[in-house]
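The structure file my_file.cif is reproduced below (mmCIF, N, CA and C atoms).
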```cif
data_protein
loop_
_atom_site.label_atom_id
_atom_site.label_comp_id
_atom_site.auth_asym_id
_atom_site.auth_seq_id
_atom_site.Cartn_x
_atom_site.Cartn_y
_atom_site.Cartn_z
N MET A 70 102.08 9.59 -38.06
CA MET A 70 102.57 8.81 -36.94
C MET A 70 103.73 9.56 -36.29
N ALA A 71 103.55 9.88 -35.04
CA ALA A 71 104.58 10.61 -34.30
C ALA A 71 105.49 9.62 -33.58
N LYS A 72 106.72 10.04 -33.37
CA LYS A 72 107.67 9.26 -32.57
C LYS A 72 107.58 9.80 -31.15
N ILE A 73 107.22 8.92 -30.21
CA ILE A 73 106.96 9.31 -28.83
C ILE A 73 107.83 8.51 -27.89
N ILE A 74 108.44 9.19 -26.92
CA ILE A 74 109.15 8.50 -25.85
C ILE A 74 108.37 8.74 -24.55
N ILE A 75 108.20 7.66 -23.81
CA ILE A 75 107.54 7.74 -22.50
C ILE A 75 108.58 7.41 -21.44
N ILE A 76 108.79 8.34 -20.52
CA ILE A 76 109.78 8.17 -19.45
C ILE A 76 109.02 8.07 -18.12
N ASP A 77 109.06 6.88 -17.52
CA ASP A 77 108.37 6.67 -16.25
C ASP A 77 108.92 5.42 -15.59
N ASP A 78 109.05 5.43 -14.28
CA ASP A 78 109.57 4.28 -13.56
C ASP A 78 108.47 3.29 -13.16
N ASP A 79 107.24 3.54 -13.54
CA ASP A 79 106.11 2.67 -13.24
C ASP A 79 105.85 1.75 -14.45
N SER A 80 106.25 0.49 -14.35
CA SER A 80 106.13 -0.43 -15.50
C SER A 80 104.68 -0.66 -15.92
N ASP A 81 103.75 -0.67 -14.97
CA ASP A 81 102.34 -0.85 -15.32
C ASP A 81 101.83 0.33 -16.14
N LEU A 82 102.23 1.53 -15.77
CA LEU A 82 101.80 2.71 -16.53
C LEU A 82 102.42 2.69 -17.92
N LEU A 83 103.68 2.28 -18.03
CA LEU A 83 104.32 2.18 -19.35
C LEU A 83 103.56 1.20 -20.25
N LYS A 84 103.14 0.08 -19.70
CA LYS A 84 102.36 -0.91 -20.47
C LYS A 84 101.02 -0.32 -20.91
N PHE A 85 100.32 0.36 -19.99
CA PHE A 85 99.03 0.97 -20.31
C PHE A 85 99.18 2.01 -21.43
N MET A 86 100.17 2.88 -21.30
CA MET A 86 100.35 3.94 -22.28
C MET A 86 100.77 3.38 -23.64
N THR A 87 101.61 2.36 -23.63
CA THR A 87 102.01 1.72 -24.88
C THR A 87 100.80 1.12 -25.58
N ALA A 88 99.96 0.42 -24.83
CA ALA A 88 98.75 -0.17 -25.42
C ALA A 88 97.84 0.90 -26.01
N CYS A 89 97.77 2.05 -25.38
CA CYS A 89 96.92 3.14 -25.86
C CYS A 89 97.44 3.78 -27.15
N LEU A 90 98.75 3.79 -27.31
CA LEU A 90 99.36 4.59 -28.37
C LEU A 90 99.98 3.81 -29.53
N LYS A 91 100.29 2.54 -29.33
CA LYS A 91 101.10 1.80 -30.29
C LYS A 91 100.49 1.67 -31.68
N ASP A 92 99.18 1.72 -31.82
CA ASP A 92 98.56 1.59 -33.13
C ASP A 92 98.69 2.86 -33.97
N ASP A 93 98.84 4.00 -33.32
CA ASP A 93 98.88 5.27 -34.03
C ASP A 93 100.24 5.96 -34.01
N HIS A 94 101.15 5.49 -33.16
CA HIS A 94 102.43 6.17 -32.99
C HIS A 94 103.56 5.17 -32.79
N ASP A 95 104.77 5.63 -33.05
CA ASP A 95 105.97 4.85 -32.77
C ASP A 95 106.37 5.18 -31.33
N VAL A 96 106.24 4.21 -30.43
CA VAL A 96 106.44 4.43 -29.00
C VAL A 96 107.73 3.77 -28.51
N VAL A 97 108.54 4.55 -27.80
CA VAL A 97 109.77 4.05 -27.18
C VAL A 97 109.65 4.30 -25.68
N LEU A 98 110.12 3.36 -24.89
CA LEU A 98 109.99 3.45 -23.43
C LEU A 98 111.33 3.65 -22.75
N ALA A 99 111.31 4.40 -21.67
CA ALA A 99 112.48 4.58 -20.82
C ALA A 99 112.01 4.49 -19.37
N ALA A 100 112.72 3.70 -18.57
CA ALA A 100 112.32 3.46 -17.18
C ALA A 100 112.93 4.45 -16.20
N SER A 101 113.71 5.42 -16.72
CA SER A 101 114.31 6.42 -15.83
C SER A 101 114.59 7.70 -16.61
N GLY A 102 114.80 8.78 -15.88
CA GLY A 102 115.14 10.04 -16.52
C GLY A 102 116.45 9.95 -17.27
N GLU A 103 117.43 9.26 -16.69
CA GLU A 103 118.74 9.11 -17.35
C GLU A 103 118.59 8.38 -18.67
N GLU A 104 117.86 7.26 -18.65
CA GLU A 104 117.66 6.47 -19.86
C GLU A 104 116.92 7.28 -20.92
N GLY A 105 115.92 8.04 -20.51
CA GLY A 105 115.17 8.86 -21.44
C GLY A 105 116.03 9.92 -22.11
N LEU A 106 116.91 10.54 -21.34
CA LEU A 106 117.78 11.57 -21.91
C LEU A 106 118.80 10.97 -22.88
N VAL A 107 119.32 9.78 -22.57
CA VAL A 107 120.24 9.11 -23.49
C VAL A 107 119.52 8.81 -24.81
N LEU A 108 118.31 8.29 -24.72
CA LEU A 108 117.54 8.00 -25.93
C LEU A 108 117.25 9.27 -26.72
N ALA A 109 116.90 10.34 -26.02
CA ALA A 109 116.58 11.61 -26.69
C ALA A 109 117.79 12.17 -27.43
N LYS A 110 118.98 11.90 -26.93
CA LYS A 110 120.19 12.40 -27.58
C LYS A 110 120.55 11.61 -28.84
N THR A 111 120.04 10.38 -28.95
CA THR A 111 120.37 9.55 -30.10
C THR A 111 119.25 9.47 -31.13
N THR A 112 118.04 9.78 -30.74
CA THR A 112 116.89 9.68 -31.63
C THR A 112 115.98 10.88 -31.44
N PRO A 113 115.65 11.58 -32.52
CA PRO A 113 114.72 12.70 -32.35
C PRO A 113 113.29 12.20 -32.09
N PHE A 114 112.64 12.82 -31.13
CA PHE A 114 111.26 12.48 -30.79
C PHE A 114 110.36 13.68 -31.03
N ASP A 115 109.13 13.40 -31.46
CA ASP A 115 108.14 14.47 -31.63
C ASP A 115 107.54 14.87 -30.29
N VAL A 116 107.30 13.86 -29.43
CA VAL A 116 106.68 14.09 -28.12
C VAL A 116 107.43 13.30 -27.07
N VAL A 117 107.66 13.94 -25.94
CA VAL A 117 108.27 13.28 -24.78
C VAL A 117 107.27 13.38 -23.63
N LEU A 118 106.86 12.24 -23.10
CA LEU A 118 106.03 12.21 -21.89
C LEU A 118 106.94 11.80 -20.75
N THR A 119 107.00 12.62 -19.71
CA THR A 119 107.86 12.29 -18.59
C THR A 119 107.15 12.44 -17.26
N ASP A 120 107.37 11.45 -16.42
CA ASP A 120 106.89 11.52 -15.04
C ASP A 120 107.73 12.56 -14.31
N ILE A 121 107.17 13.17 -13.29
CA ILE A 121 107.92 14.15 -12.50
C ILE A 121 108.76 13.45 -11.43
N PHE A 122 108.17 12.52 -10.71
CA PHE A 122 108.87 11.89 -9.58
C PHE A 122 109.45 10.55 -9.98
N MET A 123 110.78 10.54 -10.16
CA MET A 123 111.53 9.33 -10.47
C MET A 123 112.84 9.39 -9.68
N PRO A 124 113.38 8.23 -9.35
CA PRO A 124 114.66 8.22 -8.64
C PRO A 124 115.80 8.80 -9.49
N THR A 125 116.78 9.30 -8.87
CA THR A 125 118.03 9.81 -9.45
C THR A 125 117.83 11.08 -10.26
N LYS A 126 117.21 11.02 -11.42
CA LYS A 126 116.97 12.21 -12.24
C LYS A 126 115.47 12.36 -12.41
N ASP A 127 114.91 13.39 -11.78
CA ASP A 127 113.46 13.56 -11.82
C ASP A 127 113.00 14.23 -13.11
N GLY A 128 111.69 14.25 -13.29
CA GLY A 128 111.11 14.80 -14.50
C GLY A 128 111.36 16.28 -14.71
N LEU A 129 111.48 17.04 -13.64
CA LEU A 129 111.77 18.47 -13.80
C LEU A 129 113.16 18.66 -14.40
N GLU A 130 114.12 17.84 -13.97
CA GLU A 130 115.46 17.89 -14.57
C GLU A 130 115.40 17.47 -16.04
N VAL A 131 114.61 16.46 -16.33
CA VAL A 131 114.45 15.99 -17.71
C VAL A 131 113.87 17.11 -18.57
N VAL A 132 112.83 17.76 -18.08
CA VAL A 132 112.22 18.87 -18.84
C VAL A 132 113.26 19.95 -19.12
N GLN A 133 114.00 20.35 -18.10
CA GLN A 133 115.01 21.41 -18.28
C GLN A 133 116.04 21.02 -19.33
N GLU A 134 116.55 19.81 -19.25
CA GLU A 134 117.58 19.39 -20.20
C GLU A 134 117.04 19.27 -21.61
N LEU A 135 115.83 18.75 -21.75
CA LEU A 135 115.25 18.61 -23.09
C LEU A 135 114.95 19.96 -23.72
N VAL A 136 114.41 20.88 -22.93
CA VAL A 136 114.10 22.21 -23.46
C VAL A 136 115.38 22.89 -23.94
N LYS A 137 116.43 22.72 -23.19
CA LYS A 137 117.71 23.33 -23.55
C LYS A 137 118.32 22.69 -24.80
N SER A 138 118.33 21.37 -24.85
CA SER A 138 119.01 20.66 -25.92
C SER A 138 118.14 20.37 -27.15
N PHE A 139 116.85 20.22 -26.95
CA PHE A 139 115.94 19.83 -28.04
C PHE A 139 114.67 20.66 -27.99
N PRO A 140 114.76 21.96 -28.25
CA PRO A 140 113.59 22.83 -28.11
C PRO A 140 112.43 22.47 -29.05
N GLN A 141 112.69 21.71 -30.10
CA GLN A 141 111.63 21.33 -31.02
C GLN A 141 110.74 20.22 -30.46
N SER A 142 111.23 19.46 -29.49
CA SER A 142 110.43 18.38 -28.89
C SER A 142 109.33 18.97 -28.02
N LYS A 143 108.18 18.37 -28.12
CA LYS A 143 107.05 18.79 -27.30
C LYS A 143 106.99 17.87 -26.08
N ILE A 144 106.99 18.48 -24.90
CA ILE A 144 107.08 17.71 -23.66
C ILE A 144 105.75 17.75 -22.92
N ILE A 145 105.34 16.58 -22.45
CA ILE A 145 104.15 16.47 -21.61
C ILE A 145 104.62 15.94 -20.25
N ALA A 146 104.39 16.71 -19.20
CA ALA A 146 104.77 16.32 -17.84
C ALA A 146 103.60 15.59 -17.19
N MET A 147 103.92 14.55 -16.41
CA MET A 147 102.89 13.75 -15.74
C MET A 147 103.24 13.56 -14.28
N THR A 148 102.24 13.57 -13.44
CA THR A 148 102.41 13.15 -12.05
C THR A 148 101.03 12.98 -11.41
N ALA A 149 101.03 12.29 -10.28
CA ALA A 149 99.80 12.11 -9.52
C ALA A 149 99.63 13.28 -8.57
N GLU A 150 98.39 13.52 -8.18
CA GLU A 150 98.16 14.55 -7.17
C GLU A 150 98.75 14.06 -5.85
N MET A 151 99.32 15.01 -5.13
CA MET A 151 99.91 14.68 -3.83
C MET A 151 98.81 14.64 -2.78
N LYS A 152 99.02 13.85 -1.74
CA LYS A 152 98.06 13.81 -0.64
C LYS A 152 97.96 15.20 -0.03
N GLY A 153 96.75 15.60 0.26
CA GLY A 153 96.55 16.90 0.87
C GLY A 153 96.19 17.99 -0.12
N GLY A 154 96.05 17.63 -1.38
CA GLY A 154 95.62 18.65 -2.34
C GLY A 154 96.41 18.66 -3.62
N LYS A 155 96.09 19.63 -4.43
CA LYS A 155 96.70 19.76 -5.75
C LYS A 155 98.16 20.17 -5.63
N THR A 156 98.95 19.59 -6.48
CA THR A 156 100.37 19.91 -6.49
C THR A 156 100.68 20.97 -7.54
N ASP A 157 101.71 21.74 -7.32
CA ASP A 157 102.15 22.74 -8.29
C ASP A 157 103.25 22.21 -9.19
N PHE A 158 103.65 20.96 -9.04
CA PHE A 158 104.75 20.43 -9.82
C PHE A 158 104.47 20.43 -11.32
N LEU A 159 103.24 20.12 -11.70
CA LEU A 159 102.90 20.15 -13.12
C LEU A 159 102.93 21.57 -13.66
N ASP A 160 102.46 22.52 -12.88
CA ASP A 160 102.52 23.92 -13.30
C ASP A 160 103.97 24.38 -13.41
N PHE A 161 104.82 23.93 -12.50
CA PHE A 161 106.23 24.29 -12.55
C PHE A 161 106.89 23.70 -13.79
N ALA A 162 106.51 22.46 -14.15
CA ALA A 162 107.04 21.84 -15.37
C ALA A 162 106.64 22.67 -16.60
N MET A 163 105.42 23.20 -16.59
CA MET A 163 104.97 24.06 -17.69
C MET A 163 105.81 25.34 -17.72
N HIS A 164 106.10 25.88 -16.57
CA HIS A 164 106.94 27.08 -16.48
C HIS A 164 108.34 26.81 -17.04
N LEU A 165 108.83 25.59 -16.85
CA LEU A 165 110.16 25.22 -17.34
C LEU A 165 110.17 24.97 -18.85
N GLY A 166 108.99 24.79 -19.44
CA GLY A 166 108.95 24.60 -20.89
C GLY A 166 108.12 23.44 -21.39
N ALA A 167 107.50 22.67 -20.50
CA ALA A 167 106.62 21.59 -20.97
C ALA A 167 105.45 22.20 -21.73
N ALA A 168 105.00 21.52 -22.76
CA ALA A 168 103.90 22.01 -23.59
C ALA A 168 102.54 21.68 -23.00
N ALA A 169 102.49 20.61 -22.17
CA ALA A 169 101.22 20.19 -21.59
C ALA A 169 101.49 19.39 -20.32
N LYS A 170 100.42 19.11 -19.60
CA LYS A 170 100.53 18.35 -18.36
C LYS A 170 99.41 17.34 -18.28
N LEU A 171 99.68 16.23 -17.60
CA LEU A 171 98.70 15.18 -17.37
C LEU A 171 98.73 14.80 -15.90
N ALA A 172 97.61 14.90 -15.22
CA ALA A 172 97.49 14.47 -13.84
C ALA A 172 97.10 12.99 -13.82
N LYS A 173 97.89 12.19 -13.12
CA LYS A 173 97.59 10.76 -12.98
C LYS A 173 96.53 10.58 -11.91
N PRO A 174 95.66 9.64 -12.03
CA PRO A 174 95.48 8.77 -13.18
C PRO A 174 94.73 9.48 -14.30
N PHE A 175 94.97 9.05 -15.52
CA PHE A 175 94.27 9.61 -16.67
C PHE A 175 93.75 8.47 -17.53
N THR A 176 92.78 8.80 -18.38
CA THR A 176 92.19 7.80 -19.26
C THR A 176 92.95 7.74 -20.58
N SER A 177 92.73 6.69 -21.32
CA SER A 177 93.37 6.57 -22.63
C SER A 177 92.91 7.70 -23.55
N GLU A 178 91.66 8.10 -23.42
CA GLU A 178 91.13 9.20 -24.23
C GLU A 178 91.85 10.51 -23.90
N THR A 179 92.04 10.79 -22.63
CA THR A 179 92.75 12.01 -22.22
C THR A 179 94.19 11.98 -22.71
N LEU A 180 94.84 10.83 -22.63
CA LEU A 180 96.21 10.69 -23.10
C LEU A 180 96.30 11.01 -24.59
N ARG A 181 95.46 10.37 -25.38
CA ARG A 181 95.48 10.59 -26.84
C ARG A 181 95.14 12.03 -27.19
N GLN A 182 94.17 12.60 -26.51
CA GLN A 182 93.77 13.98 -26.77
C GLN A 182 94.91 14.95 -26.46
N THR A 183 95.61 14.74 -25.36
CA THR A 183 96.73 15.61 -24.99
C THR A 183 97.85 15.51 -26.02
N ILE A 184 98.14 14.31 -26.47
CA ILE A 184 99.17 14.15 -27.49
C ILE A 184 98.76 14.84 -28.79
N ASP A 185 97.51 14.67 -29.20
CA ASP A 185 97.02 15.35 -30.41
C ASP A 185 97.15 16.86 -30.28
N GLU A 186 96.83 17.38 -29.10
CA GLU A 186 96.91 18.84 -28.89
C GLU A 186 98.34 19.35 -28.99
N VAL A 187 99.31 18.65 -28.40
CA VAL A 187 100.68 19.14 -28.48
C VAL A 187 101.27 18.96 -29.88
N LEU A 188 100.84 17.93 -30.59
CA LEU A 188 101.31 17.75 -31.96
C LEU A 188 100.78 18.86 -32.88
N ALA A 189 99.64 19.42 -32.53
CA ALA A 189 99.04 20.50 -33.33
C ALA A 189 99.70 21.85 -33.08
N LEU A 190 100.53 21.97 -32.04
CA LEU A 190 101.18 23.24 -31.72
C LEU A 190 102.18 23.64 -32.78
#
```

Using structure tokens, write down the structure that the file contains.
Amino acid sequence: MAKIIIIDDDSDLLKFMTACLKDDHDVVLAASGEEGLVLAKTTPFDVVLTDIFMPTKDGLEVVQELVKSFPQSKIIAMTAEMKGGKTDFLDFAMHLGAAAKLAKPFTSETLRQTIDEVLAL
């Protein structure tokens, strides 16, 4: 059982992801990048899932701070495709140190598979 924090300002997505993961993992939720970073500083997490686009502190800032302060944590960056085509934000998050990426919307199967893959690293 891995300890996972999910950082996203979308409450419906947080509920969906919690329902998908709660039976197999210890899941903690954060509704903002700031809240997620505070939690990460007080509790070690095996996996951090963070949205890219959030008010105040975005996911790219979260990835940078986590990689610097907690290099052992495996980070999964998430965002939706932007109108007009594929976005490079997920690739940029990988360049910053994220271990994996998830394009929204995703299925529960894809979510669990991605977490299993990063835990195996």

Result set, the PyMOL selection byres (((chain A and resi 130 and name CA) around 10) and name CA) on current file, as a compact mmCIF listing (two decimals) with N, CA and C atoms, in the frame of the given file:
```txt
# COMPACT_ATOMS: atom_id res chain seq x y z
N GLY A 102 114.80 8.78 -15.88
CA GLY A 102 115.14 10.04 -16.52
C GLY A 102 116.45 9.95 -17.27
N GLU A 103 117.43 9.26 -16.69
CA GLU A 103 118.74 9.11 -17.35
C GLU A 103 118.59 8.38 -18.67
N LEU A 106 116.91 10.54 -21.34
CA LEU A 106 117.78 11.57 -21.91
C LEU A 106 118.80 10.97 -22.88
N ILE A 121 107.17 13.17 -13.29
CA ILE A 121 107.92 14.15 -12.50
C ILE A 121 108.76 13.45 -11.43
N THR A 125 116.78 9.30 -8.87
CA THR A 125 118.03 9.81 -9.45
C THR A 125 117.83 11.08 -10.26
N LYS A 126 117.21 11.02 -11.42
CA LYS A 126 116.97 12.21 -12.24
C LYS A 126 115.47 12.36 -12.41
N ASP A 127 114.91 13.39 -11.78
CA ASP A 127 113.46 13.56 -11.82
C ASP A 127 113.00 14.23 -13.11
N GLY A 128 111.69 14.25 -13.29
CA GLY A 128 111.11 14.80 -14.50
C GLY A 128 111.36 16.28 -14.71
N LEU A 129 111.48 17.04 -13.64
CA LEU A 129 111.77 18.47 -13.80
C LEU A 129 113.16 18.66 -14.40
N VAL A 131 114.61 16.46 -16.33
CA VAL A 131 114.45 15.99 -17.71
C VAL A 131 113.87 17.11 -18.57
N VAL A 132 112.83 17.76 -18.08
CA VAL A 132 112.22 18.87 -18.84
C VAL A 132 113.26 19.95 -19.12
N GLN A 133 114.00 20.35 -18.10
CA GLN A 133 115.01 21.41 -18.28
C GLN A 133 116.04 21.02 -19.33
N GLU A 134 116.55 19.81 -19.25
CA GLU A 134 117.58 19.39 -20.20
C GLU A 134 117.04 19.27 -21.61
N LEU A 135 115.83 18.75 -21.75
CA LEU A 135 115.25 18.61 -23.09
C LEU A 135 114.95 19.96 -23.72
N VAL A 136 114.41 20.88 -22.93
CA VAL A 136 114.10 22.21 -23.46
C VAL A 136 115.38 22.89 -23.94
N ALA A 162 106.51 22.46 -14.15
CA ALA A 162 107.04 21.84 -15.37
C ALA A 162 106.64 22.67 -16.60
N LEU A 165 108.83 25.59 -16.85
CA LEU A 165 110.16 25.22 -17.34
C LEU A 165 110.17 24.97 -18.85
```

Taking 5 positions as the minimum chain separation for residues in the same chain, which residues sit within 8 Å of Glu178 (chain A) when counting all atoms listed in the file? Answer as a list in words.
Cys89, Thr183 and Ile184 of chain A

Output N, CA and C atoms of each residue in that selection to a file, as a PDB file, keeping the file's coordinate frame.
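What follows is the written file result37.pdb:
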```
ATOM      1  N   CYS A  89      97.770   2.050 -25.380  1.00  0.00           N
ATOM      2  CA  CYS A  89      96.920   3.140 -25.860  1.00  0.00           C
ATOM      3  C   CYS A  89      97.440   3.780 -27.150  1.00  0.00           C
ATOM      4  N   THR A 183      95.610  14.740 -25.360  1.00  0.00           N
ATOM      5  CA  THR A 183      96.730  15.610 -24.990  1.00  0.00           C
ATOM      6  C   THR A 183      97.850  15.510 -26.020  1.00  0.00           C
ATOM      7  N   ILE A 184      98.140  14.310 -26.470  1.00  0.00           N
ATOM      8  CA  ILE A 184      99.170  14.150 -27.490  1.00  0.00           C
ATOM      9  C   ILE A 184      98.760  14.840 -28.790  1.00  0.00           C
TER      10      ILE A 184
END
```

Name the residues in contact with His94 (chain A) at a cut-off of 6 Å, using all atoms listed in the file, excluding same-chain residues fewer than 5 positions from it; report them as a list in words.
Met70, Ala71, Lys72 and Ile73 of chain A

Excluding Ala100 (chain A) and any residue of its chain fewer than 6 positions from it, enumerate the residues within 6.5 Å of it, using all atoms listed in the file, and give them as a PDB file with N, CA and C atoms, in the coordinates of the input.
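New file result16.pdb:
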```pdb
ATOM      1  N   ILE A  75     108.200   7.660 -23.810  1.00  0.00           N
ATOM      2  CA  ILE A  75     107.540   7.740 -22.500  1.00  0.00           C
ATOM      3  C   ILE A  75     108.580   7.410 -21.440  1.00  0.00           C
ATOM      4  N   ILE A  76     108.790   8.340 -20.520  1.00  0.00           N
ATOM      5  CA  ILE A  76     109.780   8.170 -19.450  1.00  0.00           C
ATOM      6  C   ILE A  76     109.020   8.070 -18.120  1.00  0.00           C
ATOM      7  N   ASP A  77     109.060   6.880 -17.520  1.00  0.00           N
ATOM      8  CA  ASP A  77     108.370   6.670 -16.250  1.00  0.00           C
ATOM      9  C   ASP A  77     108.920   5.420 -15.590  1.00  0.00           C
ATOM     10  N   ASP A  78     109.050   5.430 -14.280  1.00  0.00           N
ATOM     11  CA  ASP A  78     109.570   4.280 -13.560  1.00  0.00           C
ATOM     12  C   ASP A  78     108.470   3.290 -13.160  1.00  0.00           C
ATOM     13  N   ASP A  79     107.240   3.540 -13.540  1.00  0.00           N
ATOM     14  CA  ASP A  79     106.110   2.670 -13.240  1.00  0.00           C
ATOM     15  C   ASP A  79     105.850   1.750 -14.450  1.00  0.00           C
TER      16      ASP A  79
END
```

What does the distance from CA of Ser142 (chain A) to atom C of Phe114 (chain A) come to in Å, to one decimal?
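Separation between CA of Ser142 (chain A) and atom C of Phe114 (chain A): 5.2 Å.
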
Rank nothing, just name the residue among A:Ala88, A:Met123, A:Ile74, A:Leu180 nearest to Gly105 (chain A), using only C-alpha atoms.
A:Ile74

Name the residues of chain A that fall into strand (DSSP E) according to DSSP on the backbone, using the chain letters and numbers of this document, as a list in words.
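Result set for chain A (strand (DSSP E)): Lys72, Ile73, Ile74, Ile75, Ile76, Asp95, Val96, Val97, Leu98, Ala99, Val116, Val117, Leu118, Thr119, Asp120, Lys143, Ile144, Ile145, Ala146, Met147, Thr148, Ala149, Ala169, Lys170, Leu171, Ala172 and Lys173 of chain A.
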
Answer key for the PyMOL selection byres ((chain A and resi 169) around 5), residues as a ChimeraX atom specification
/A:144-146,167-168,170-171
